[in-house]
>>> print(open('query_16.txt').read())   # compact mmCIF, C-alpha atoms
# COMPACT_ATOMS: atom_id res chain seq x y z
CA MET A 1 9.92 -25.46 -20.49
CA ARG A 2 6.60 -26.23 -22.11
CA PRO A 3 4.12 -23.35 -22.13
CA MET A 4 1.45 -23.47 -19.45
CA MET A 5 -1.96 -24.31 -20.85
CA SER A 6 -5.10 -22.96 -19.22
CA PRO A 7 -8.68 -23.02 -20.59
CA PRO A 8 -10.42 -19.67 -20.94
CA LEU A 9 -12.73 -18.82 -18.03
CA LEU A 10 -13.98 -15.43 -19.17
CA SER A 11 -15.00 -13.93 -22.45
CA PRO A 12 -12.14 -11.78 -23.67
CA PHE A 13 -12.00 -8.26 -22.20
CA PRO A 14 -10.56 -5.21 -23.96
CA CYS A 15 -7.80 -5.09 -21.32
CA PRO A 16 -4.67 -6.87 -22.58
CA LEU A 17 -3.84 -8.19 -19.10
CA LEU A 18 -7.21 -9.84 -18.46
CA ARG A 19 -7.58 -11.03 -22.03
CA PHE A 20 -4.18 -12.68 -21.68
CA LEU A 21 -5.34 -14.48 -18.56
CA CYS A 22 -8.14 -16.11 -20.50
CA LEU A 23 -6.19 -17.38 -23.50
CA TYR A 24 -3.71 -20.17 -24.06
CA HIS A 25 -0.26 -18.96 -23.17
CA ALA A 26 2.36 -19.08 -25.89
CA PRO A 27 6.10 -19.19 -25.20
CA ARG A 28 7.81 -15.82 -24.86
CA ARG A 29 11.31 -14.85 -25.73
CA ARG A 30 13.46 -14.23 -22.70
CA ASN A 31 13.91 -10.56 -21.89
CA PRO A 32 17.62 -10.18 -21.08
CA THR A 33 16.96 -7.00 -19.09
CA ALA A 34 14.32 -8.51 -16.82
CA ALA A 35 15.13 -9.71 -13.32
CA ARG A 36 16.20 -13.37 -13.35
CA LEU A 37 13.65 -15.52 -11.54
CA PRO A 38 14.73 -18.17 -9.06
CA PRO A 39 14.56 -21.88 -9.97
CA HIS A 40 11.44 -22.49 -7.86
CA THR A 41 9.42 -20.28 -10.21
CA PHE A 42 8.60 -23.07 -12.62
CA ARG A 43 8.16 -26.07 -10.34
CA ARG A 44 4.82 -27.84 -10.13
CA ARG A 45 2.55 -24.82 -10.64
CA PRO A 46 4.33 -22.50 -13.06
CA LEU A 47 4.17 -18.79 -12.43
CA LEU A 48 2.91 -16.74 -15.33
CA LEU A 49 5.03 -13.77 -16.32
CA LEU A 50 2.88 -10.99 -17.74
CA SER A 51 4.86 -8.22 -19.34
CA ALA A 52 3.69 -4.79 -18.34
CA ALA A 53 4.68 -3.83 -21.85
CA MET A 54 1.37 -5.34 -23.00
CA SER A 55 -0.23 -2.22 -21.57
CA SER A 56 -0.57 0.52 -24.13
CA SER A 57 0.86 2.99 -21.63
CA ALA A 58 3.98 0.98 -20.78
CA SER A 59 7.23 0.65 -22.66
CA THR A 60 9.12 -2.51 -23.51
CA THR A 61 11.47 -1.81 -20.63
CA ALA A 62 8.64 -1.83 -18.06
CA PRO A 63 8.83 -4.39 -15.24
CA ASP A 64 7.03 -7.71 -15.36
CA SER A 65 4.16 -8.82 -13.20
CA VAL A 66 3.65 -12.33 -11.88
CA VAL A 67 0.36 -14.18 -11.57
CA ALA A 68 0.56 -17.60 -9.92
CA ASP A 69 -3.03 -18.65 -10.61
CA PRO A 70 -4.56 -16.89 -13.65
CA SER A 71 -7.79 -18.90 -13.40
CA ALA A 72 -8.44 -17.85 -9.80
CA LEU A 73 -7.73 -14.22 -10.67
CA ALA A 74 -10.09 -14.37 -13.64
CA ARG A 75 -12.88 -15.73 -11.42
CA LYS A 76 -12.38 -12.94 -8.89
CA VAL A 77 -12.43 -10.30 -11.59
CA ALA A 78 -15.67 -11.70 -13.00
CA ALA A 79 -17.33 -11.84 -9.56
CA ILE A 80 -16.35 -8.30 -8.59
CA ARG A 81 -17.37 -6.93 -11.97
CA ALA A 82 -20.76 -8.65 -11.76
CA ALA A 83 -21.42 -7.25 -8.26
CA GLY A 84 -21.03 -3.66 -9.43
CA LEU A 85 -19.30 -0.51 -8.22
CA ALA A 86 -21.40 -0.12 -5.07
CA LYS A 87 -19.76 -3.20 -3.57
CA LEU A 88 -16.13 -2.25 -4.31
CA GLN A 89 -13.56 -0.48 -2.16
CA VAL A 90 -9.79 -0.09 -2.38
CA ILE A 91 -7.51 -0.58 0.63
CA ALA A 92 -3.94 0.59 0.21
CA ASP A 93 -0.76 0.77 2.20
CA PHE A 94 1.13 4.03 1.77
CA ASP A 95 4.92 3.65 2.01
CA GLY A 96 6.41 1.51 -0.74
CA THR A 97 2.97 0.90 -2.22
CA LEU A 98 1.57 4.25 -3.30
CA THR A 99 5.08 5.70 -3.10
CA ARG A 100 8.19 4.60 -4.96
CA TYR A 101 10.74 2.36 -3.33
CA TRP A 102 13.60 4.01 -5.21
CA TYR A 103 14.16 7.74 -5.55
CA ASP A 104 16.87 9.11 -7.86
CA GLY A 105 18.79 5.85 -7.66
CA ALA A 106 18.70 5.56 -3.87
CA ARG A 107 16.24 4.11 -1.36
CA GLY A 108 13.36 6.55 -0.96
CA GLN A 109 12.25 7.76 2.45
CA SER A 110 9.13 6.61 4.27
CA SER A 111 6.52 9.01 5.58
CA HIS A 112 7.73 8.31 9.12
CA GLY A 113 11.44 8.25 8.33
CA LEU A 114 11.42 11.63 6.62
CA LEU A 115 10.40 13.50 9.78
CA ARG A 116 12.94 15.87 11.26
CA GLN A 117 11.67 17.80 14.25
CA GLY A 118 14.43 20.38 14.25
CA ASN A 119 15.91 18.99 17.46
CA GLU A 120 18.94 16.74 17.03
CA GLU A 121 18.67 15.39 20.57
CA TYR A 122 15.14 14.11 20.05
CA ASP A 123 15.84 12.88 16.53
CA ALA A 124 18.62 10.78 18.06
CA LYS A 125 16.30 9.47 20.79
CA ARG A 126 13.80 8.31 18.17
CA VAL A 127 16.59 6.54 16.29
CA ALA A 128 17.59 4.78 19.53
CA LEU A 129 14.01 3.58 20.00
CA TYR A 130 14.03 2.22 16.45
CA GLU A 131 17.25 0.32 17.06
CA HIS A 132 15.77 -1.23 20.21
CA TYR A 133 12.27 -2.11 18.99
CA HIS A 134 12.72 -2.88 15.30
CA PRO A 135 14.49 -6.22 15.99
CA ILE A 136 11.49 -7.11 18.17
CA GLU A 137 9.12 -6.19 15.35
CA ILE A 138 10.77 -8.57 12.89
CA CYS A 139 11.57 -11.38 15.34
CA PRO A 140 9.46 -14.46 14.45
CA ASP A 141 9.86 -16.06 17.89
CA ILE A 142 7.96 -13.51 19.98
CA PRO A 143 4.27 -14.40 20.51
CA LEU A 144 1.95 -12.00 18.71
CA PRO A 145 0.09 -10.71 21.81
CA GLU A 146 3.39 -9.90 23.52
CA LYS A 147 4.76 -8.28 20.38
CA ALA A 148 1.62 -6.17 19.96
CA LYS A 149 2.06 -4.71 23.46
CA LEU A 150 5.70 -3.89 22.72
CA MET A 151 4.79 -2.25 19.41
CA GLU A 152 2.21 -0.08 21.15
CA GLU A 153 4.87 0.81 23.74
CA TRP A 154 7.28 1.80 20.97
CA TRP A 155 4.74 3.96 19.17
CA GLU A 156 3.63 5.73 22.33
CA LYS A 157 7.21 6.47 23.39
CA THR A 158 7.93 7.88 19.95
CA HIS A 159 4.80 10.04 20.06
CA GLY A 160 5.84 11.26 23.50
CA LEU A 161 9.24 12.32 22.16
CA LEU A 162 7.61 14.26 19.32
CA ILE A 163 5.51 16.19 21.84
CA GLU A 164 8.33 16.67 24.32
CA GLY A 165 10.76 17.74 21.59
CA GLY A 166 8.50 20.55 20.46
CA LEU A 167 7.48 19.32 16.99
CA THR A 168 5.62 21.95 14.99
CA TYR A 169 3.56 21.75 11.84
CA GLU A 170 6.19 23.88 10.12
CA ASP A 171 8.69 21.09 10.92
CA ILE A 172 6.41 18.65 9.09
CA LYS A 173 6.07 20.92 6.05
CA LYS A 174 9.82 21.42 5.83
CA SER A 175 10.52 17.71 6.34
CA VAL A 176 8.21 16.79 3.46
CA SER A 177 9.63 19.54 1.25
CA ASP A 178 13.16 18.22 1.79
CA ALA A 179 12.23 14.53 1.62
CA ALA A 180 13.24 11.97 -0.98
CA ILE A 181 9.71 10.68 -1.49
CA ALA A 182 7.49 10.46 -4.58
CA PHE A 183 4.33 8.70 -5.70
CA ARG A 184 4.48 5.94 -8.27
CA ASP A 185 3.74 6.89 -11.86
CA GLY A 186 0.05 6.28 -12.49
CA VAL A 187 -1.14 6.96 -8.93
CA VAL A 188 -2.96 10.16 -9.92
CA GLU A 189 -4.60 8.37 -12.84
CA LEU A 190 -5.75 5.63 -10.47
CA PHE A 191 -7.13 8.08 -7.90
CA GLU A 192 -8.95 10.11 -10.56
CA TYR A 193 -10.52 6.99 -12.05
CA LEU A 194 -11.76 5.83 -8.64
CA GLU A 195 -12.96 9.30 -7.62
CA GLU A 196 -15.05 9.64 -10.79
CA ARG A 197 -16.82 6.41 -9.87
CA ASP A 198 -17.23 7.16 -6.14
CA ILE A 199 -15.14 4.16 -5.13
CA PRO A 200 -13.66 4.79 -1.66
CA VAL A 201 -9.93 4.42 -1.02
CA LEU A 202 -8.75 3.72 2.51
CA VAL A 203 -5.06 4.46 2.98
CA PHE A 204 -3.86 2.58 6.05
CA SER A 205 -0.63 3.52 7.76
CA ALA A 206 1.00 2.93 11.11
CA GLY A 207 2.74 6.25 10.61
CA LEU A 208 1.35 9.76 10.93
CA ALA A 209 -1.71 10.94 9.00
CA ASP A 210 -0.63 14.59 9.09
CA ILE A 211 2.63 13.76 7.31
CA ILE A 212 0.89 11.58 4.72
CA GLU A 213 -1.60 14.31 3.93
CA GLU A 214 1.20 16.85 3.65
CA VAL A 215 2.89 14.52 1.14
CA PHE A 216 -0.37 14.54 -0.84
CA ARG A 217 -0.46 18.33 -0.77
CA GLN A 218 3.15 18.93 -1.75
CA LYS A 219 3.71 16.08 -4.20
CA LEU A 220 0.28 15.86 -5.88
CA HIS A 221 -0.91 19.43 -5.23
CA ARG A 222 -4.50 18.31 -4.85
CA SER A 223 -6.92 16.27 -2.77
CA PHE A 224 -9.40 13.51 -3.59
CA LYS A 225 -12.83 13.38 -1.98
CA ASN A 226 -12.90 9.57 -1.94
CA ILE A 227 -9.58 9.04 -0.11
CA LYS A 228 -9.51 8.55 3.66
CA VAL A 229 -6.28 8.23 5.61
CA VAL A 230 -6.53 5.90 8.59
CA SER A 231 -3.46 6.59 10.70
CA ASN A 232 -2.23 8.30 13.85
CA ARG A 233 -3.40 11.88 13.90
CA MET A 234 -1.84 14.83 15.68
CA VAL A 235 -3.34 17.74 17.63
CA PHE A 236 -1.65 21.15 17.31
CA ASN A 237 -2.23 24.23 19.42
CA GLU A 238 -2.78 27.74 18.07
CA GLU A 239 0.97 28.24 17.67
CA GLY A 240 1.19 25.11 15.50
CA ARG A 241 2.97 23.06 18.16
CA LEU A 242 2.15 19.39 18.69
CA VAL A 243 0.34 18.86 22.02
CA ALA A 244 -1.41 15.47 21.71
CA PHE A 245 -2.55 12.60 19.49
CA LYS A 246 -6.19 11.78 18.66
CA GLY A 247 -7.71 8.37 19.25
CA LYS A 248 -6.00 5.12 20.07
CA THR A 249 -2.56 4.25 18.76
CA ILE A 250 -2.38 2.51 15.37
CA HIS A 251 0.78 0.43 14.99
CA VAL A 252 2.07 -2.21 12.59
CA LEU A 253 0.10 -5.05 14.20
CA ASN A 254 -3.34 -3.42 14.31
CA LYS A 255 -3.27 -1.63 10.95
CA ASN A 256 -6.49 -3.08 9.57
CA GLU A 257 -10.18 -2.32 9.20
CA HIS A 258 -10.62 -2.68 12.97
CA ALA A 259 -8.66 0.58 13.10
CA LEU A 260 -11.65 2.36 11.57
CA ASP A 261 -13.34 2.05 14.95
CA MET A 262 -10.16 2.94 16.86
CA ALA A 263 -8.93 5.93 14.92
CA ALA A 264 -10.04 9.51 15.28
CA PRO A 265 -12.40 10.70 12.51
CA VAL A 266 -10.37 11.25 9.38
CA HIS A 267 -10.41 14.38 7.27
CA ASP A 268 -13.13 14.70 4.70
CA ASN A 269 -10.88 17.12 2.82
CA LEU A 270 -7.14 17.51 3.03
CA GLY A 271 -6.29 20.57 5.04
CA ASP A 272 -9.47 20.45 7.14
CA PRO A 273 -8.35 19.50 10.68
CA ASN A 274 -11.95 19.45 11.90
CA GLY A 275 -13.28 17.31 9.08
CA SER A 276 -14.89 13.98 9.88
CA ILE A 277 -16.88 11.24 8.25
CA ASP A 278 -19.66 9.02 9.50
CA ASP A 279 -19.63 6.50 6.67
CA TYR A 280 -17.58 3.72 8.32
CA SER A 281 -20.61 1.43 8.29
CA LEU A 282 -21.13 2.14 4.59
CA VAL A 283 -17.49 1.31 3.85
CA LYS A 284 -17.84 -1.97 5.71
CA LYS A 285 -20.78 -2.87 3.48
CA ARG A 286 -18.51 -2.78 0.46
CA THR A 287 -17.51 -6.41 0.57
CA ASN A 288 -15.40 -6.60 -2.60
CA VAL A 289 -11.86 -5.43 -1.99
CA LEU A 290 -8.89 -4.48 -4.11
CA LEU A 291 -5.95 -4.52 -1.67
CA LEU A 292 -2.59 -2.92 -2.48
CA GLY A 293 0.50 -3.57 -0.37
CA ASP A 294 4.24 -4.10 -0.48
CA HIS A 295 4.58 -6.53 2.45
CA ILE A 296 2.80 -9.83 3.03
CA GLY A 297 1.69 -8.44 6.38
CA ASP A 298 -0.32 -5.81 4.50
CA LEU A 299 -2.84 -8.53 3.68
CA GLY A 300 -4.05 -8.05 7.25
CA MET A 301 -5.41 -4.60 6.32
CA SER A 302 -8.66 -6.29 5.31
CA ASP A 303 -9.00 -8.06 8.67
CA GLY A 304 -12.23 -6.99 10.30
CA LEU A 305 -14.03 -6.84 6.97
CA ASN A 306 -16.22 -9.77 6.05
CA TYR A 307 -15.34 -9.54 2.36
CA GLU A 308 -16.81 -11.70 -0.39
CA ASN A 309 -14.01 -11.27 -2.91
CA ARG A 310 -10.52 -9.84 -2.52
CA ILE A 311 -7.89 -9.25 -5.17
CA ALA A 312 -4.52 -8.70 -3.50
CA VAL A 313 -1.88 -6.81 -5.46
CA GLY A 314 1.66 -6.89 -4.12
CA PHE A 315 4.62 -4.69 -5.03
CA LEU A 316 7.87 -6.60 -4.65
CA ASN A 317 10.36 -3.78 -4.79
CA ALA A 318 13.60 -5.57 -3.85
CA ASN A 319 15.05 -8.98 -2.94
CA ILE A 320 13.09 -10.58 -5.76
CA GLU A 321 14.91 -13.92 -5.82
CA LYS A 322 14.50 -14.32 -2.06
CA SER A 323 10.86 -13.25 -1.76
CA LEU A 324 9.11 -14.01 -5.05
CA LYS A 325 7.93 -17.48 -4.04
CA ASP A 326 6.22 -16.24 -0.87
CA TYR A 327 4.78 -13.15 -2.56
CA SER A 328 3.36 -15.18 -5.45
CA LYS A 329 1.56 -17.44 -2.98
CA ALA A 330 0.19 -14.54 -0.94
CA PHE A 331 -0.84 -12.07 -3.67
CA ASP A 332 -2.99 -12.57 -6.76
CA ILE A 333 -0.69 -10.29 -8.76
CA VAL A 334 2.88 -9.31 -7.93
CA TYR A 335 4.51 -6.31 -9.61
CA LEU A 336 8.30 -6.39 -9.67
CA ASN A 337 11.13 -3.88 -9.62
CA ASP A 338 9.31 -0.84 -8.19
CA ALA A 339 6.73 -0.99 -10.97
CA PRO A 340 4.45 1.93 -11.89
CA MET A 341 0.77 1.89 -10.95
CA ARG A 342 -0.45 1.62 -14.54
CA GLY A 343 -1.07 -2.12 -14.32
CA VAL A 344 -3.39 -1.52 -11.36
CA VAL A 345 -5.23 1.17 -13.34
CA GLU A 346 -5.74 -1.37 -16.10
CA LEU A 347 -7.02 -3.94 -13.61
CA VAL A 348 -9.43 -1.47 -12.00
CA SER A 349 -10.87 -0.62 -15.42
CA GLU A 350 -11.83 -4.28 -15.75
CA LEU A 351 -13.43 -4.41 -12.31
CA CYS A 352 -15.74 -1.53 -13.20
CA PRO A 353 -18.58 -2.58 -15.54
>>> encode(input="query_16.txt", output="structure tokens")
Amino acid sequence: MRPMMSPPLLSPFPCPLLRFLCLYHAPRRRNPTAARLPPHTFRRRPLLLLSAAMSSSASTTAPDSVVADPSALARKVAAIRAAGLAKLQVIADFDGTLTRYWYDGARGQSSHGLLRQGNEEYDAKRVALYEHYHPIEICPDIPLPEKAKLMEEWWEKTHGLLIEGGLTYEDIKKSVSDAAIAFRDGVVELFEYLEERDIPVLVFSAGLADIIEEVFRQKLHRSFKNIKVVSNRMVFNEEGRLVAFKGKTIHVLNKNEHALDMAAPVHDNLGDPNGSIDDYSLVKKRTNVLLLGDHIGDLGMSDGLNYENRIAVGFLNANIEKSLKDYSKAFDIVYLNDAPMRGVVELVSELCP
């Protein structure tokens, strides 16, 4: 294959990734350890493989990233950088995006899947609900409005079982302690970089905010003032027993910036159940978005925001040959093979003037 030729659109940046986007692309030797790409990869518009090893913090065995349109990405980077930090926000999915897909050689747990309420009967009932509703969730033939009602029904039944089954906050703490869940390498570095520059991070999840925040506490052992979790939030009584949920239900089909108006006020600090924020309108004025997700549906997290520029970063953790074509069309950058977050840190450093 002849190397793809692309004229430079930006002056070279210090970042190896962005500098590489702006230069002519020379042929690379094939990496025998990298995932083999499907034949469609180099038809018509070639995909550009960018080795994460170009990053000073990555090794030669690091996964590759894929950029389908380097010129479009370069233009977005230039526009966001020129607009300044006050216009930028980060929107991130939690499971499989901030967290690893693999854990000690096996599939890691999700924040919802790790929950054990100490009652086998009710754990089994929740599994039965999953087996009934999950096929509906992934069925392409059900009209979206009908599916949305069924998803809300599923979520509310599950929440009802958690209350009825006597879930306690101690159950959550123990579930997280025993869980096979971990953040990607580089997540703390990313959060610290964004916190230092007062760039807000909205973590959207159709799961449970209390579990996600407990994962932050136990796995990172710290909080970040700029991170807001937009998810379903629990209410516990004085004995630590779950008695209700705050706000309207957030499920997989309404997990977007509209949920800011639907959700209960999120914690200003982890561990503060009475914390709240009143800066939703200020967040919505930040019209440049860096979006992080691991499913194409996560692109909907920015629905409801009239953004000017959006860079979408996708983590393709498995089924690469089957999904790469669709992911490369949907996302500006696709990281493969459960990649670390260091490439995103590098990208963010270029978005910040």
>>> closest_residue(input="query_16.txt", among="A:Gly84, A:Gly304, A:Gly297, A:Pro340", to="Cys352 in chain A", atoms="all atoms listed in the file")
A:Gly84
>>> atom_distance(input="query_16.txt", atom1="CA of Pro140 in chain A", atom2="CA of Leu253 in chain A")
13.3 Å
>>> residues_around(input="query_16.txt", residues="Lys125 in chain A", least_positions_apart="6", cutoff="12 Å", atoms="only C-alpha atoms", output="PyMOL selection string")
chain A and resi 116-117+119+131-132+154+157-162+164-165
>>> closest_residue(input="query_16.txt", among="A:Arg81, A:Arg286, A:Arg241, A:His295", to="Glu170 in chain A", atoms="all atoms listed in the file")
A:Arg241
>>> closest_residue(input="query_16.txt", among="A:Asp171, A:Asp64, A:Asp185, A:Glu121", to="Leu242 in chain A", atoms="only C-alpha atoms")
A:Asp171
>>> atom_distance(input="query_16.txt", atom1="CA of Phe236 in chain A", atom2="CA of Glu213 in chain A")
15.0 Å
>>> residues_around(input="query_16.txt", residues="range 345-349 of chain A", least_positions_apart="3", cutoff="7 Å", atoms="all atoms listed in the file", output="list in words")
Cys15, Leu190, Met341, Arg342 and Cys352 of chain A
>>> residues_around(input="query_16.txt", residues="Leu194 in chain A", least_positions_apart="4", cutoff="10 Å", atoms="all atoms listed in the file", output="PyMOL selection string")
chain A and resi 85+89-90+188-190+198-201+224+226-227+345+348-349+352
>>> write_last_selection(input="query_16.txt", atoms="C-alpha atoms", output="mmCIF file, in the frame of the given file")
data_model
loop_
_atom_site.group_PDB
_atom_site.id
_atom_site.type_symbol
_atom_site.label_atom_id
_atom_site.label_comp_id
_atom_site.auth_asym_id
_atom_site.auth_seq_id
_atom_site.Cartn_x
_atom_site.Cartn_y
_atom_site.Cartn_z
ATOM 1 C CA LEU A 85 -19.300 -0.510 -8.220
ATOM 2 C CA GLN A 89 -13.560 -0.480 -2.160
ATOM 3 C CA VAL A 90 -9.790 -0.090 -2.380
ATOM 4 C CA VAL A 188 -2.960 10.160 -9.920
ATOM 5 C CA GLU A 189 -4.600 8.370 -12.840
ATOM 6 C CA LEU A 190 -5.750 5.630 -10.470
ATOM 7 C CA ASP A 198 -17.230 7.160 -6.140
ATOM 8 C CA ILE A 199 -15.140 4.160 -5.130
ATOM 9 C CA PRO A 200 -13.660 4.790 -1.660
ATOM 10 C CA VAL A 201 -9.930 4.420 -1.020
ATOM 11 C CA PHE A 224 -9.400 13.510 -3.590
ATOM 12 C CA ASN A 226 -12.900 9.570 -1.940
ATOM 13 C CA ILE A 227 -9.580 9.040 -0.110
ATOM 14 C CA VAL A 345 -5.230 1.170 -13.340
ATOM 15 C CA VAL A 348 -9.430 -1.470 -12.000
ATOM 16 C CA SER A 349 -10.870 -0.620 -15.420
ATOM 17 C CA CYS A 352 -15.740 -1.530 -13.200
#
>>> atom_distance(input="query_16.txt", atom1="CA of Ser328 in chain A", atom2="CA of Glu350 in chain A")
21.3 Å
>>> closest_residue(input="query_16.txt", among="A:Ala72, A:Ile138, A:Ile172, A:Ala128", to="Ser111 in chain A", atoms="all atoms listed in the file")
A:Ile172
>>> residues_near_point(input="query_16.txt", point="(-7.9, -7.4, 10.4)", cutoff="9 Å", atoms="all atoms listed in the file", output="PDB file with C-alpha atoms, keeping the file's coordinate frame")
ATOM      1  CA  ASN A 254      -3.340  -3.420  14.310  1.00  0.00           C
ATOM      2  CA  LYS A 255      -3.270  -1.630  10.950  1.00  0.00           C
ATOM      3  CA  ASN A 256      -6.490  -3.080   9.570  1.00  0.00           C
ATOM      4  CA  GLU A 257     -10.180  -2.320   9.200  1.00  0.00           C
ATOM      5  CA  HIS A 258     -10.620  -2.680  12.970  1.00  0.00           C
ATOM      6  CA  ALA A 259      -8.660   0.580  13.100  1.00  0.00           C
ATOM      7  CA  LEU A 299      -2.840  -8.530   3.680  1.00  0.00           C
ATOM      8  CA  GLY A 300      -4.050  -8.050   7.250  1.00  0.00           C
ATOM      9  CA  MET A 301      -5.410  -4.600   6.320  1.00  0.00           C
ATOM     10  CA  SER A 302      -8.660  -6.290   5.310  1.00  0.00           C
ATOM     11  CA  ASP A 303      -9.000  -8.060   8.670  1.00  0.00           C
ATOM     12  CA  GLY A 304     -12.230  -6.990  10.300  1.00  0.00           C
ATOM     13  CA  LEU A 305     -14.030  -6.840   6.970  1.00  0.00           C
TER      14      LEU A 305
END
